[in-house]
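Student: Supplied structure: start13.cif, mmCIF, N, CA and C atoms.
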```cif
data_coords
loop_
_atom_site.label_atom_id
_atom_site.label_comp_id
_atom_site.auth_asym_id
_atom_site.auth_seq_id
_atom_site.Cartn_x
_atom_site.Cartn_y
_atom_site.Cartn_z
N MET A 1 8.68 16.38 -18.30
CA MET A 1 9.35 15.13 -18.02
C MET A 1 9.30 14.89 -16.52
N THR A 2 9.08 13.66 -16.16
CA THR A 2 8.96 13.30 -14.76
C THR A 2 10.29 12.80 -14.20
N ARG A 3 10.48 13.02 -12.93
CA ARG A 3 11.70 12.54 -12.27
C ARG A 3 11.49 11.18 -11.62
N ARG A 4 10.27 10.69 -11.69
CA ARG A 4 9.98 9.39 -11.09
C ARG A 4 10.51 8.29 -12.02
N PRO A 5 11.24 7.33 -11.49
CA PRO A 5 11.75 6.27 -12.35
C PRO A 5 10.61 5.43 -12.94
N GLN A 6 10.70 5.11 -14.19
CA GLN A 6 9.65 4.39 -14.88
C GLN A 6 9.80 2.88 -14.77
N ILE A 7 10.98 2.40 -14.46
CA ILE A 7 11.21 0.98 -14.34
C ILE A 7 11.16 0.60 -12.87
N THR A 8 10.32 -0.38 -12.55
CA THR A 8 10.18 -0.83 -11.17
C THR A 8 10.58 -2.29 -11.09
N ASP A 9 10.91 -2.71 -9.88
CA ASP A 9 11.25 -4.11 -9.67
C ASP A 9 9.99 -4.96 -9.81
N PRO A 10 10.12 -6.15 -10.38
CA PRO A 10 8.95 -7.01 -10.50
C PRO A 10 8.49 -7.49 -9.12
N GLN A 11 7.19 -7.52 -8.94
CA GLN A 11 6.62 -7.95 -7.68
C GLN A 11 6.15 -9.39 -7.80
N PRO A 12 6.18 -10.13 -6.71
CA PRO A 12 5.67 -11.50 -6.77
C PRO A 12 4.17 -11.48 -7.07
N HIS A 13 3.74 -12.43 -7.86
CA HIS A 13 2.34 -12.50 -8.24
C HIS A 13 1.90 -13.96 -8.37
N VAL A 14 0.62 -14.13 -8.42
CA VAL A 14 0.02 -15.45 -8.57
C VAL A 14 -0.54 -15.56 -9.98
N VAL A 15 -0.27 -16.68 -10.62
CA VAL A 15 -0.81 -16.97 -11.95
C VAL A 15 -1.85 -18.07 -11.77
N VAL A 16 -3.07 -17.80 -12.23
CA VAL A 16 -4.15 -18.78 -12.10
C VAL A 16 -4.56 -19.26 -13.48
N SER A 17 -4.95 -20.52 -13.55
CA SER A 17 -5.39 -21.09 -14.81
C SER A 17 -6.81 -20.62 -15.13
N HIS A 18 -7.25 -20.87 -16.34
CA HIS A 18 -8.57 -20.52 -16.85
C HIS A 18 -8.82 -19.02 -16.82
N GLY A 19 -7.76 -18.26 -17.05
CA GLY A 19 -7.87 -16.80 -17.05
C GLY A 19 -8.40 -16.26 -18.37
N ALA A 20 -8.37 -14.95 -18.49
CA ALA A 20 -8.98 -14.29 -19.64
C ALA A 20 -7.98 -13.87 -20.71
N ASP A 21 -6.69 -14.08 -20.50
CA ASP A 21 -5.74 -13.64 -21.52
C ASP A 21 -5.57 -14.70 -22.60
N PHE A 22 -4.71 -14.43 -23.56
CA PHE A 22 -4.51 -15.32 -24.71
C PHE A 22 -4.05 -16.70 -24.29
N PHE A 23 -3.25 -16.78 -23.24
CA PHE A 23 -2.70 -18.05 -22.77
C PHE A 23 -3.61 -18.76 -21.78
N GLY A 24 -4.74 -18.16 -21.43
CA GLY A 24 -5.65 -18.77 -20.46
C GLY A 24 -5.18 -18.63 -19.04
N GLU A 25 -4.49 -17.54 -18.74
CA GLU A 25 -3.97 -17.30 -17.39
C GLU A 25 -4.32 -15.87 -16.97
N ASP A 26 -4.37 -15.68 -15.67
CA ASP A 26 -4.50 -14.34 -15.07
C ASP A 26 -3.39 -14.18 -14.05
N ARG A 27 -2.90 -12.95 -13.90
CA ARG A 27 -1.85 -12.64 -12.93
C ARG A 27 -2.41 -11.63 -11.92
N HIS A 28 -2.16 -11.92 -10.65
CA HIS A 28 -2.62 -11.05 -9.56
C HIS A 28 -1.49 -10.87 -8.57
N PRO A 29 -1.17 -9.62 -8.19
CA PRO A 29 -0.11 -9.39 -7.20
C PRO A 29 -0.47 -10.00 -5.85
N LEU A 30 0.56 -10.47 -5.14
CA LEU A 30 0.33 -11.07 -3.83
C LEU A 30 -0.25 -10.07 -2.84
N LYS A 31 0.11 -8.79 -2.99
CA LYS A 31 -0.43 -7.76 -2.11
C LYS A 31 -1.95 -7.68 -2.23
N VAL A 32 -2.45 -7.80 -3.44
CA VAL A 32 -3.89 -7.72 -3.66
C VAL A 32 -4.59 -8.93 -3.03
N LEU A 33 -3.98 -10.10 -3.16
CA LEU A 33 -4.59 -11.30 -2.56
C LEU A 33 -4.60 -11.21 -1.04
N ALA A 34 -3.56 -10.62 -0.45
CA ALA A 34 -3.55 -10.43 1.00
C ALA A 34 -4.66 -9.47 1.41
N ALA A 35 -4.88 -8.42 0.62
CA ALA A 35 -5.97 -7.50 0.91
C ALA A 35 -7.33 -8.20 0.77
N LEU A 36 -7.47 -9.05 -0.24
CA LEU A 36 -8.71 -9.80 -0.41
C LEU A 36 -8.96 -10.74 0.77
N ALA A 37 -7.89 -11.30 1.32
CA ALA A 37 -8.05 -12.17 2.49
C ALA A 37 -8.61 -11.37 3.66
N GLY A 38 -8.12 -10.16 3.83
CA GLY A 38 -8.66 -9.31 4.89
C GLY A 38 -10.11 -8.97 4.67
N TYR A 39 -10.47 -8.65 3.44
CA TYR A 39 -11.88 -8.37 3.14
C TYR A 39 -12.74 -9.62 3.36
N ALA A 40 -12.22 -10.79 2.98
CA ALA A 40 -12.99 -12.02 3.15
C ALA A 40 -13.24 -12.31 4.62
N GLU A 41 -12.26 -12.02 5.47
CA GLU A 41 -12.45 -12.23 6.92
C GLU A 41 -13.54 -11.33 7.48
N GLY A 42 -13.64 -10.13 6.94
CA GLY A 42 -14.61 -9.18 7.48
C GLY A 42 -15.97 -9.23 6.81
N CYS A 43 -16.05 -9.72 5.59
CA CYS A 43 -17.29 -9.61 4.82
C CYS A 43 -18.05 -10.92 4.63
N LEU A 44 -17.38 -12.05 4.78
CA LEU A 44 -18.04 -13.34 4.57
C LEU A 44 -18.32 -14.02 5.90
N PRO A 45 -19.37 -14.84 5.98
CA PRO A 45 -19.66 -15.56 7.22
C PRO A 45 -18.51 -16.49 7.60
N SER A 46 -18.26 -16.63 8.88
CA SER A 46 -17.11 -17.40 9.35
C SER A 46 -17.20 -18.87 8.98
N ALA A 47 -18.38 -19.42 8.85
CA ALA A 47 -18.52 -20.84 8.50
C ALA A 47 -18.10 -21.12 7.07
N GLU A 48 -18.17 -20.12 6.20
CA GLU A 48 -17.89 -20.33 4.78
C GLU A 48 -16.50 -19.85 4.34
N ARG A 49 -15.95 -18.91 5.05
CA ARG A 49 -14.76 -18.25 4.55
C ARG A 49 -13.44 -18.97 4.79
N GLY A 50 -13.39 -19.97 5.63
CA GLY A 50 -12.16 -20.62 6.05
C GLY A 50 -11.22 -21.01 4.93
N PRO A 51 -11.62 -21.89 4.01
CA PRO A 51 -10.70 -22.31 2.95
C PRO A 51 -10.30 -21.17 2.01
N LEU A 52 -11.23 -20.24 1.77
CA LEU A 52 -10.92 -19.13 0.87
C LEU A 52 -9.87 -18.20 1.49
N VAL A 53 -10.01 -17.91 2.77
CA VAL A 53 -9.04 -17.04 3.45
C VAL A 53 -7.67 -17.71 3.46
N ASP A 54 -7.64 -19.01 3.74
CA ASP A 54 -6.36 -19.73 3.74
C ASP A 54 -5.71 -19.67 2.36
N LEU A 55 -6.50 -19.82 1.32
CA LEU A 55 -5.98 -19.79 -0.05
C LEU A 55 -5.45 -18.41 -0.40
N LEU A 56 -6.16 -17.36 -0.01
CA LEU A 56 -5.74 -15.99 -0.33
C LEU A 56 -4.55 -15.55 0.50
N ARG A 57 -4.46 -16.00 1.75
CA ARG A 57 -3.33 -15.62 2.60
C ARG A 57 -2.03 -16.25 2.13
N ASP A 58 -2.09 -17.52 1.77
CA ASP A 58 -0.89 -18.23 1.34
C ASP A 58 -1.20 -18.99 0.05
N PRO A 59 -1.18 -18.29 -1.09
CA PRO A 59 -1.57 -18.94 -2.34
C PRO A 59 -0.59 -20.00 -2.81
N GLY A 60 0.65 -19.98 -2.32
CA GLY A 60 1.62 -21.00 -2.72
C GLY A 60 1.24 -22.38 -2.22
N VAL A 61 0.49 -22.43 -1.11
CA VAL A 61 0.05 -23.70 -0.55
C VAL A 61 -1.07 -24.29 -1.40
N GLY A 62 -1.88 -23.42 -2.03
CA GLY A 62 -3.05 -23.87 -2.78
C GLY A 62 -2.74 -24.85 -3.87
N GLY A 63 -1.80 -24.53 -4.74
CA GLY A 63 -1.44 -25.44 -5.83
C GLY A 63 -2.59 -25.67 -6.78
N THR A 64 -3.37 -26.70 -6.52
CA THR A 64 -4.54 -26.98 -7.33
C THR A 64 -5.76 -27.10 -6.43
N ILE A 65 -6.87 -26.64 -6.95
CA ILE A 65 -8.13 -26.78 -6.24
C ILE A 65 -8.92 -27.84 -7.00
N PRO A 66 -9.36 -28.88 -6.31
CA PRO A 66 -10.08 -29.96 -6.99
C PRO A 66 -11.34 -29.45 -7.68
N ALA A 67 -11.72 -30.13 -8.74
CA ALA A 67 -12.87 -29.72 -9.54
C ALA A 67 -14.16 -29.69 -8.72
N ALA A 68 -14.25 -30.52 -7.69
CA ALA A 68 -15.46 -30.55 -6.87
C ALA A 68 -15.62 -29.29 -6.02
N LYS A 69 -14.50 -28.65 -5.63
CA LYS A 69 -14.56 -27.47 -4.77
C LYS A 69 -14.55 -26.15 -5.53
N VAL A 70 -14.23 -26.19 -6.81
CA VAL A 70 -14.08 -24.95 -7.60
C VAL A 70 -15.39 -24.14 -7.64
N PRO A 71 -16.57 -24.75 -7.85
CA PRO A 71 -17.79 -23.92 -7.86
C PRO A 71 -18.04 -23.18 -6.55
N ASP A 72 -17.72 -23.82 -5.42
CA ASP A 72 -17.90 -23.16 -4.12
C ASP A 72 -16.97 -21.96 -3.98
N VAL A 73 -15.72 -22.15 -4.39
CA VAL A 73 -14.74 -21.05 -4.32
C VAL A 73 -15.17 -19.92 -5.25
N ALA A 74 -15.68 -20.25 -6.43
CA ALA A 74 -16.13 -19.23 -7.37
C ALA A 74 -17.29 -18.42 -6.78
N GLN A 75 -18.23 -19.09 -6.11
CA GLN A 75 -19.35 -18.38 -5.49
C GLN A 75 -18.89 -17.46 -4.37
N LEU A 76 -17.95 -17.93 -3.55
CA LEU A 76 -17.43 -17.08 -2.47
C LEU A 76 -16.71 -15.86 -3.01
N LEU A 77 -15.91 -16.05 -4.05
CA LEU A 77 -15.20 -14.91 -4.65
C LEU A 77 -16.18 -13.93 -5.27
N LEU A 78 -17.22 -14.43 -5.89
CA LEU A 78 -18.22 -13.55 -6.49
C LEU A 78 -18.97 -12.77 -5.42
N ARG A 79 -19.31 -13.42 -4.31
CA ARG A 79 -19.96 -12.72 -3.20
C ARG A 79 -19.04 -11.66 -2.62
N LEU A 80 -17.75 -11.97 -2.54
CA LEU A 80 -16.78 -11.00 -2.04
C LEU A 80 -16.67 -9.81 -2.98
N ALA A 81 -16.65 -10.07 -4.28
CA ALA A 81 -16.55 -8.98 -5.26
C ALA A 81 -17.76 -8.06 -5.21
N ARG A 82 -18.91 -8.60 -4.87
CA ARG A 82 -20.15 -7.81 -4.86
C ARG A 82 -20.43 -7.13 -3.52
N HIS A 83 -19.62 -7.42 -2.52
CA HIS A 83 -19.88 -6.86 -1.19
C HIS A 83 -19.64 -5.35 -1.20
N ARG A 84 -20.45 -4.62 -0.48
CA ARG A 84 -20.39 -3.16 -0.54
C ARG A 84 -19.18 -2.56 0.16
N PHE A 85 -18.54 -3.29 1.07
CA PHE A 85 -17.39 -2.74 1.79
C PHE A 85 -16.06 -3.02 1.10
N VAL A 86 -16.05 -3.79 0.04
CA VAL A 86 -14.81 -4.11 -0.68
C VAL A 86 -14.53 -2.99 -1.67
N LYS A 87 -13.32 -2.46 -1.62
CA LYS A 87 -12.95 -1.37 -2.53
C LYS A 87 -12.97 -1.84 -3.97
N ALA A 88 -13.10 -0.89 -4.87
CA ALA A 88 -13.30 -1.20 -6.29
C ALA A 88 -12.13 -1.98 -6.89
N SER A 89 -10.91 -1.61 -6.56
CA SER A 89 -9.75 -2.31 -7.14
C SER A 89 -9.67 -3.74 -6.64
N ALA A 90 -9.91 -3.95 -5.36
CA ALA A 90 -9.89 -5.31 -4.82
C ALA A 90 -11.08 -6.11 -5.35
N ALA A 91 -12.22 -5.46 -5.52
CA ALA A 91 -13.39 -6.14 -6.06
C ALA A 91 -13.17 -6.58 -7.50
N ALA A 92 -12.42 -5.78 -8.26
CA ALA A 92 -12.12 -6.15 -9.65
C ALA A 92 -11.26 -7.41 -9.70
N HIS A 93 -10.28 -7.51 -8.80
CA HIS A 93 -9.46 -8.72 -8.75
C HIS A 93 -10.28 -9.92 -8.29
N ALA A 94 -11.16 -9.71 -7.30
CA ALA A 94 -12.01 -10.81 -6.82
C ALA A 94 -12.94 -11.27 -7.94
N ARG A 95 -13.44 -10.34 -8.74
CA ARG A 95 -14.32 -10.69 -9.85
C ARG A 95 -13.55 -11.48 -10.92
N ALA A 96 -12.32 -11.05 -11.21
CA ALA A 96 -11.50 -11.77 -12.19
C ALA A 96 -11.19 -13.19 -11.71
N LEU A 97 -10.89 -13.33 -10.42
CA LEU A 97 -10.66 -14.66 -9.86
C LEU A 97 -11.93 -15.50 -9.90
N ALA A 98 -13.08 -14.89 -9.61
CA ALA A 98 -14.34 -15.61 -9.66
C ALA A 98 -14.66 -16.07 -11.07
N ASP A 99 -14.38 -15.21 -12.05
CA ASP A 99 -14.61 -15.58 -13.44
C ASP A 99 -13.73 -16.74 -13.87
N ALA A 100 -12.46 -16.71 -13.47
CA ALA A 100 -11.54 -17.80 -13.81
C ALA A 100 -11.98 -19.10 -13.14
N ALA A 101 -12.40 -19.01 -11.89
CA ALA A 101 -12.90 -20.20 -11.20
C ALA A 101 -14.18 -20.71 -11.84
N GLY A 102 -15.02 -19.80 -12.30
CA GLY A 102 -16.25 -20.20 -12.99
C GLY A 102 -15.96 -20.92 -14.30
N ARG A 103 -14.94 -20.44 -15.04
CA ARG A 103 -14.57 -21.12 -16.28
C ARG A 103 -14.01 -22.52 -15.99
N ALA A 104 -13.24 -22.64 -14.91
CA ALA A 104 -12.72 -23.96 -14.53
C ALA A 104 -13.86 -24.89 -14.12
N ALA A 105 -14.84 -24.36 -13.39
CA ALA A 105 -15.97 -25.18 -12.96
C ALA A 105 -16.82 -25.60 -14.15
N ALA A 106 -17.02 -24.69 -15.10
CA ALA A 106 -17.81 -25.03 -16.28
C ALA A 106 -17.13 -26.11 -17.12
N ALA A 107 -15.81 -26.09 -17.15
CA ALA A 107 -15.07 -27.10 -17.91
C ALA A 107 -14.89 -28.39 -17.12
N GLY A 108 -15.19 -28.36 -15.83
CA GLY A 108 -15.00 -29.54 -14.98
C GLY A 108 -13.54 -29.83 -14.70
N ASP A 109 -12.69 -28.81 -14.78
CA ASP A 109 -11.25 -28.96 -14.57
C ASP A 109 -10.85 -28.52 -13.17
N GLN A 110 -9.62 -28.87 -12.81
CA GLN A 110 -9.02 -28.33 -11.60
C GLN A 110 -8.65 -26.87 -11.87
N TRP A 111 -8.56 -26.11 -10.79
CA TRP A 111 -8.12 -24.71 -10.91
C TRP A 111 -6.73 -24.63 -10.32
N VAL A 112 -5.77 -24.24 -11.12
CA VAL A 112 -4.36 -24.30 -10.74
C VAL A 112 -3.85 -22.91 -10.42
N TRP A 113 -3.15 -22.79 -9.28
CA TRP A 113 -2.49 -21.56 -8.86
C TRP A 113 -0.99 -21.82 -8.79
N ARG A 114 -0.20 -20.86 -9.21
CA ARG A 114 1.24 -20.95 -8.99
C ARG A 114 1.78 -19.54 -8.71
N VAL A 115 2.81 -19.48 -7.89
CA VAL A 115 3.40 -18.20 -7.50
C VAL A 115 4.67 -18.00 -8.31
N GLU A 116 4.78 -16.83 -8.91
CA GLU A 116 6.00 -16.44 -9.61
C GLU A 116 6.58 -15.23 -8.88
N THR A 117 7.84 -15.34 -8.52
CA THR A 117 8.46 -14.27 -7.75
C THR A 117 9.11 -13.21 -8.62
N ALA A 118 9.57 -13.59 -9.78
CA ALA A 118 10.21 -12.62 -10.67
C ALA A 118 9.98 -13.05 -12.11
N ILE A 119 10.01 -12.09 -12.97
CA ILE A 119 9.88 -12.37 -14.39
C ILE A 119 11.25 -12.78 -14.89
N GLU A 120 11.29 -13.94 -15.49
CA GLU A 120 12.57 -14.46 -15.95
C GLU A 120 12.97 -13.77 -17.25
N ALA A 121 14.22 -13.35 -17.31
CA ALA A 121 14.74 -12.70 -18.51
C ALA A 121 15.14 -13.79 -19.51
N PRO A 122 14.99 -13.51 -20.80
CA PRO A 122 15.41 -14.50 -21.77
C PRO A 122 16.91 -14.72 -21.72
N GLU A 123 17.31 -15.93 -21.96
CA GLU A 123 18.73 -16.27 -21.90
C GLU A 123 19.46 -15.58 -23.06
N GLN A 124 20.63 -15.07 -22.74
CA GLN A 124 21.45 -14.46 -23.78
C GLN A 124 22.59 -15.42 -24.09
N HIS A 125 22.74 -15.71 -25.34
CA HIS A 125 23.78 -16.65 -25.76
C HIS A 125 25.04 -15.88 -26.10
N ALA A 126 26.15 -16.34 -25.56
CA ALA A 126 27.43 -15.70 -25.85
C ALA A 126 27.95 -16.24 -27.18
N SER A 127 28.33 -15.33 -28.03
CA SER A 127 28.88 -15.78 -29.32
C SER A 127 30.36 -16.07 -29.16
N ALA A 128 30.81 -17.16 -29.75
CA ALA A 128 32.20 -17.59 -29.59
C ALA A 128 33.07 -17.02 -30.67
#
```
Now, as a test, write the supplied structure out as structure tokens.
Tutor:
Amino acid sequence: MTRRPQITDPQPHVVVSHGADFFGEDRHPLKVLAALAGYAEGCLPSAERGPLVDLLRDPGVGGTIPAAKVPDVAQLLLRLARHRFVKASAAAHARALADAAGRAAAAGDQWVWRVETAIEAPEQHASA
């Protein structure tokens, strides 16, 4: 038996549309996106990385990405995922984001990001 507590506090995360789960969403911790922003600054050319770094640094500002820009963002994320200096765990998140952006681009839809800070507990009704 371990002495490490099994229940941890929920961490803030980003939910993106066109994901791979049953509801069409993907969840990524904010810490991982901040790490991806650092990798993007070091691994992508400065002329191309600007909007992607801004989006990864502060995903709450992103909101929706217009359908016209989604293919470009998907290509940058895919290039980031394939870069040799990006660690495997961060590359997996970049690949999942690239796949979601690719699905949004294929559908011609906007790509929607939203930040959730905590998992909401179901309401408990008091019996009278």
Student: Skipping near chain neighbours, those fewer than 4 positions away, what residues fall within 6 Å of region 60-71 of chain A using only C-alpha atoms, listed as a ChimeraX atom specification?
Tutor: /A:55,105,108-113,115
Student: Tell me which protein, DNA and RNA residues are within 9 Å of Leu33 (chain A), counting only C-alpha atoms, leaving out same-chain ones fewer than 6 positions away, and put them as a list in words.
Tutor: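 The filter keeps Val14, Leu55, Leu56, Arg57, Asp58, Pro59, Ala90, His93 and Ala94 of chain A.
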Student: Could you find all residues in region 26-119 of chain A that DSSP calls strand (DSSP E) from the backbone, and write them as a ChimeraX atom specification?
Tutor: /A:26-29,64-65,111-116
Student: Just want the 7 Å neighbourhood of Arg27 (chain A), counted on all atoms listed in the file, with same-chain residues fewer than 3 positions away dropped. Output as an MDAnalysis selection string.
Tutor: chainID A and resid 13:16
Student: Convert the current residue selection to file output with N, CA and C atoms, as an mmCIF file, in the frame of the given file.
Tutor:
```
data_model
loop_
_atom_site.group_PDB
_atom_site.id
_atom_site.type_symbol
_atom_site.label_atom_id
_atom_site.label_comp_id
_atom_site.auth_asym_id
_atom_site.auth_seq_id
_atom_site.Cartn_x
_atom_site.Cartn_y
_atom_site.Cartn_z
ATOM 1 N N HIS A 13 3.740 -12.430 -7.860
ATOM 2 C CA HIS A 13 2.340 -12.500 -8.240
ATOM 3 C C HIS A 13 1.900 -13.960 -8.370
ATOM 4 N N VAL A 14 0.620 -14.130 -8.420
ATOM 5 C CA VAL A 14 0.020 -15.450 -8.570
ATOM 6 C C VAL A 14 -0.540 -15.560 -9.980
ATOM 7 N N VAL A 15 -0.270 -16.680 -10.620
ATOM 8 C CA VAL A 15 -0.810 -16.970 -11.950
ATOM 9 C C VAL A 15 -1.850 -18.070 -11.770
ATOM 10 N N VAL A 16 -3.070 -17.800 -12.230
ATOM 11 C CA VAL A 16 -4.150 -18.780 -12.100
ATOM 12 C C VAL A 16 -4.560 -19.260 -13.480
#
```
Student: Excluding same-chain residues fewer than 4 positions from region 43-48 of chain A, what lies within 12 Å of it counting only C-alpha atoms, as a PDB file with N, CA and C atoms, in the frame of the given file?
Tutor:
```pdb
ATOM      1  N   LEU A  36      -7.470  -9.050  -0.240  1.00  0.00           N
ATOM      2  CA  LEU A  36      -8.710  -9.800  -0.410  1.00  0.00           C
ATOM      3  C   LEU A  36      -8.960 -10.740   0.770  1.00  0.00           C
ATOM      4  N   ALA A  37      -7.890 -11.300   1.320  1.00  0.00           N
ATOM      5  CA  ALA A  37      -8.050 -12.170   2.490  1.00  0.00           C
ATOM      6  C   ALA A  37      -8.610 -11.370   3.660  1.00  0.00           C
ATOM      7  N   GLY A  38      -8.120 -10.160   3.830  1.00  0.00           N
ATOM      8  CA  GLY A  38      -8.660  -9.310   4.890  1.00  0.00           C
ATOM      9  C   GLY A  38     -10.110  -8.970   4.670  1.00  0.00           C
ATOM     10  N   TYR A  39     -10.470  -8.650   3.440  1.00  0.00           N
ATOM     11  CA  TYR A  39     -11.880  -8.370   3.140  1.00  0.00           C
ATOM     12  C   TYR A  39     -12.740  -9.620   3.360  1.00  0.00           C
ATOM     13  N   LEU A  52     -11.230 -20.240   1.770  1.00  0.00           N
ATOM     14  CA  LEU A  52     -10.920 -19.130   0.870  1.00  0.00           C
ATOM     15  C   LEU A  52      -9.870 -18.200   1.490  1.00  0.00           C
ATOM     16  N   VAL A  53     -10.010 -17.910   2.770  1.00  0.00           N
ATOM     17  CA  VAL A  53      -9.040 -17.040   3.450  1.00  0.00           C
ATOM     18  C   VAL A  53      -7.670 -17.710   3.460  1.00  0.00           C
ATOM     19  N   ASP A  54      -7.640 -19.010   3.740  1.00  0.00           N
ATOM     20  CA  ASP A  54      -6.360 -19.730   3.740  1.00  0.00           C
ATOM     21  C   ASP A  54      -5.710 -19.670   2.360  1.00  0.00           C
ATOM     22  N   ASP A  72     -17.720 -23.820  -5.420  1.00  0.00           N
ATOM     23  CA  ASP A  72     -17.900 -23.160  -4.120  1.00  0.00           C
ATOM     24  C   ASP A  72     -16.970 -21.960  -3.980  1.00  0.00           C
ATOM     25  N   VAL A  73     -15.720 -22.150  -4.390  1.00  0.00           N
ATOM     26  CA  VAL A  73     -14.740 -21.050  -4.320  1.00  0.00           C
ATOM     27  C   VAL A  73     -15.170 -19.920  -5.250  1.00  0.00           C
ATOM     28  N   GLN A  75     -18.230 -19.090  -6.110  1.00  0.00           N
ATOM     29  CA  GLN A  75     -19.350 -18.380  -5.490  1.00  0.00           C
ATOM     30  C   GLN A  75     -18.890 -17.460  -4.370  1.00  0.00           C
ATOM     31  N   LEU A  76     -17.950 -17.930  -3.550  1.00  0.00           N
ATOM     32  CA  LEU A  76     -17.430 -17.080  -2.470  1.00  0.00           C
ATOM     33  C   LEU A  76     -16.710 -15.860  -3.010  1.00  0.00           C
ATOM     34  N   LEU A  77     -15.910 -16.050  -4.050  1.00  0.00           N
ATOM     35  CA  LEU A  77     -15.200 -14.910  -4.650  1.00  0.00           C
ATOM     36  C   LEU A  77     -16.180 -13.930  -5.270  1.00  0.00           C
ATOM     37  N   LEU A  78     -17.220 -14.430  -5.890  1.00  0.00           N
ATOM     38  CA  LEU A  78     -18.220 -13.550  -6.490  1.00  0.00           C
ATOM     39  C   LEU A  78     -18.970 -12.770  -5.420  1.00  0.00           C
ATOM     40  N   ARG A  79     -19.310 -13.420  -4.310  1.00  0.00           N
ATOM     41  CA  ARG A  79     -19.960 -12.720  -3.200  1.00  0.00           C
ATOM     42  C   ARG A  79     -19.040 -11.660  -2.620  1.00  0.00           C
ATOM     43  N   LEU A  80     -17.750 -11.970  -2.540  1.00  0.00           N
ATOM     44  CA  LEU A  80     -16.780 -11.000  -2.040  1.00  0.00           C
ATOM     45  C   LEU A  80     -16.670  -9.810  -2.980  1.00  0.00           C
ATOM     46  N   ALA A  81     -16.650 -10.070  -4.280  1.00  0.00           N
ATOM     47  CA  ALA A  81     -16.550  -8.980  -5.260  1.00  0.00           C
ATOM     48  C   ALA A  81     -17.760  -8.060  -5.210  1.00  0.00           C
ATOM     49  N   ARG A  82     -18.910  -8.600  -4.870  1.00  0.00           N
ATOM     50  CA  ARG A  82     -20.150  -7.810  -4.860  1.00  0.00           C
ATOM     51  C   ARG A  82     -20.430  -7.130  -3.520  1.00  0.00           C
ATOM     52  N   HIS A  83     -19.620  -7.420  -2.520  1.00  0.00           N
ATOM     53  CA  HIS A  83     -19.880  -6.860  -1.190  1.00  0.00           C
ATOM     54  C   HIS A  83     -19.640  -5.350  -1.200  1.00  0.00           C
ATOM     55  N   ARG A  84     -20.450  -4.620  -0.480  1.00  0.00           N
ATOM     56  CA  ARG A  84     -20.390  -3.160  -0.540  1.00  0.00           C
ATOM     57  C   ARG A  84     -19.180  -2.560   0.160  1.00  0.00           C
ATOM     58  N   PHE A  85     -18.540  -3.290   1.070  1.00  0.00           N
ATOM     59  CA  PHE A  85     -17.390  -2.740   1.790  1.00  0.00           C
ATOM     60  C   PHE A  85     -16.060  -3.020   1.100  1.00  0.00           C
ATOM     61  N   VAL A  86     -16.050  -3.790   0.040  1.00  0.00           N
ATOM     62  CA  VAL A  86     -14.810  -4.110  -0.680  1.00  0.00           C
ATOM     63  C   VAL A  86     -14.530  -2.990  -1.670  1.00  0.00           C
ATOM     64  N   LYS A  87     -13.320  -2.460  -1.620  1.00  0.00           N
ATOM     65  CA  LYS A  87     -12.950  -1.370  -2.530  1.00  0.00           C
ATOM     66  C   LYS A  87     -12.970  -1.840  -3.970  1.00  0.00           C
TER      67      LYS A  87
END
```
Student: For each of A:Ala35, A:Ala101, A:Ala92, A:Leu30, take the minimum atom-to-atom distance to Ala74 (chain A), counting only N, CA and C atoms, then give the residue where this is smallest.
Tutor: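 Ranking A:Ala35, A:Ala101, A:Ala92, A:Leu30 by distance to Ala74 (chain A), first place goes to A:Ala101.
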Student: Please expand the PyMOL selection byres ((chain A and resi 11) around 6) into the concrete residues it hits in this file, giving the result as a list in words.
Tutor: Asp9, Pro10, Pro12, His13, Glu116, Thr117 and Ala118 of chain A
Student: Listed atoms of region 20-24 of chain A, axis-aligned box, 5 Å per side: centre and edge lengths to one decimal in Å, as AutoDock Vina command-line options?
Tutor:
```
--center_x -5.8 --center_y -16.2 --center_z -21.6 --size_x 16.3 --size_y 15.1 --size_z 16.2
```
